[in-house]
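What follows is a single structure, written as structure tokens, with notes after it.
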Amino acid sequence: RVGLAGVARQLMRQRNLCVFTVVSALQVFECTLEKNFLSFYIDLLLGDLSKHARSLLLSSAFILPWLVALAAGPLIRRYGLKPAIAGAFVLKGFLSVVGLVLGPYHPAAVGAFAVLARVLTEAVCRVTPLVLADLVDEDRVLHRRGRSMAAMVMGASAFFTKPGESLAPILGRLLLQRAGINPAAPASDDHAPPRTQVYMLLVAWPLLVAVLQTLVWTRYTLHGPTLAEIKAAVATDTDTEAGVELKDREEAPAAATASFKAA
């Protein structure tokens with residue numbers, strides 16, 4: 001019987017779980033950062049927007065990720081989670097490069113990038129539970145567990161990823177202050193934040209995260225034939241356990257009847 005410390009060591013040696021945890025930690029950090037500072041970036045870079053256009057832009061940035069995650073379902077079923085998530089990372093990196101080339105003086109491009117980057121980031125966050133489900137199955141097969149330890153696997157991942165939700169606003173504010181920007185100060189023509197620096201914070205960070213995530217995600221191997229073998233092994237174990245439980249339930253009344261007759 002493996003104790004808690006032994007299970008923790010097994011999880012730490014599980015390569016795909018470690019890869020996912022690193023990628024997810026970056027994802028949670030970026031998602032929280034964009035969620036907290038998106039309106040700030042839009043106000044500074046697109047200050048001429050009307051209230052209606054601003055509301056529409058912000059609303060679409062929070063609604064579209066759910067629609068994209070739903071629309072990506074057929075692609076995920078056909079090609080798998082790894083290529084779909086890798087494609088989102090590459091696309092976000094490509095958009096960041098385009099944004100760097102265009103610069104901060106194209107309002108339509110700035111607004112489109114702010115929304116698309118937010119949508120891609122949040123959409124990936126919406127499908128990460130599917131990756132965790134695969135990792136739970138892999139853990140069960142690799143360590144020959146009688147039943148899955150979903151809570152342990154998800155808790156181990158969340159232990160390293162959830163702090164990003166608290167650190168993102170703090171580090172985001174520090175980055176803005178180092179760039180000479182005070183988010184708490186009201187914007188004015190006399191003390192307007194440097195437009196180029198604000199834009200670089202909007203564009204450069206997603207590019208850096210996309211590159212890191214793409215490089216780390218290439219180490220993830222739970223897809224294709226490997227994932228199919230894991231799912232088949234889990235299905236076999238589940239069917240076997242269900243058959244044993246059904247047999248026990250069928251034999252229990254017969255055993256009770258025999259005991260009663262013997263008495």
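Lettering and numbering for the structure tokens are positional, with chains as A, B, ... in the shown order, residues counted from 1 in each chain, and ligands counted from 1 in the shown order.
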- Could you please write out, as a VMD selection string, every residue of stretch 20-190 of chain A that DSSP assigns to helix (DSSP H, G or I)? chain A and resid 20 to 45 51 to 71 73 to 79 81 to 102 107 to 142 150 to 161 163 to 178
- Contact residues around A:Cys18 with only C-alpha atoms at 9 Å, ignoring same-chain residues under 6 positions, as a PyMOL selection string: chain A and resi 11-12+157
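Within the 10 Å cut-off around A:Val209, using only C-alpha atoms and omitting residues fewer than 5 positions from it on the same chain, the listed residues are Val23, Leu26, Gln27, Phe29, Glu30, Phe89, Lys92, Gly93, Ala204, Thr214 and Leu215 of chain A.
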- Query: Which residues come within 12 Å of stretch 68-81 of chain A, counting only C-alpha atoms, excluding same-chain residues fewer than 6 positions away, as JSON, numbers by chain?
  - Reply: {"A": [20, 60, 61, 62, 87, 88, 116, 118, 119, 120, 121, 122, 123, 124, 125, 126, 127, 128, 129, 130, 131, 132, 133, 134, 217, 220, 221, 222, 223, 224, 225, 226, 227, 228]}
- Find the residues near A:Arg219: any atom within 9 Å, counting only C-alpha atoms, skip ones fewer than 5 places away on the same chain, and give them as a PyMOL selection string. chain A and resi 15-16+19
Keeping only N, CA, C and O atoms, take the residues you just selected and write them out as a short mmCIF file (atom, residue, chain, number, x, y, z; two decimals), in the first residue's frame.
```
data_model
loop_
_atom_site.label_atom_id
_atom_site.label_comp_id
_atom_site.auth_asym_id
_atom_site.auth_seq_id
_atom_site.Cartn_x
_atom_site.Cartn_y
_atom_site.Cartn_z
N ARG A 15 5.87 12.48 -16.10
CA ARG A 15 6.38 13.51 -17.00
C ARG A 15 5.27 14.38 -17.59
O ARG A 15 5.37 15.61 -17.59
N ASN A 16 4.23 13.76 -18.11
CA ASN A 16 3.17 14.53 -18.76
C ASN A 16 2.46 15.45 -17.78
O ASN A 16 2.05 16.55 -18.14
N VAL A 19 4.71 18.47 -17.31
CA VAL A 19 4.65 19.35 -18.49
C VAL A 19 3.35 20.15 -18.47
O VAL A 19 3.35 21.38 -18.67
#
```
- Task: In Å, rounded to a single decimal, give me how far atom CA of A:Ala168 is from atom CA of A:Met152.
- Result: 25.2 Å
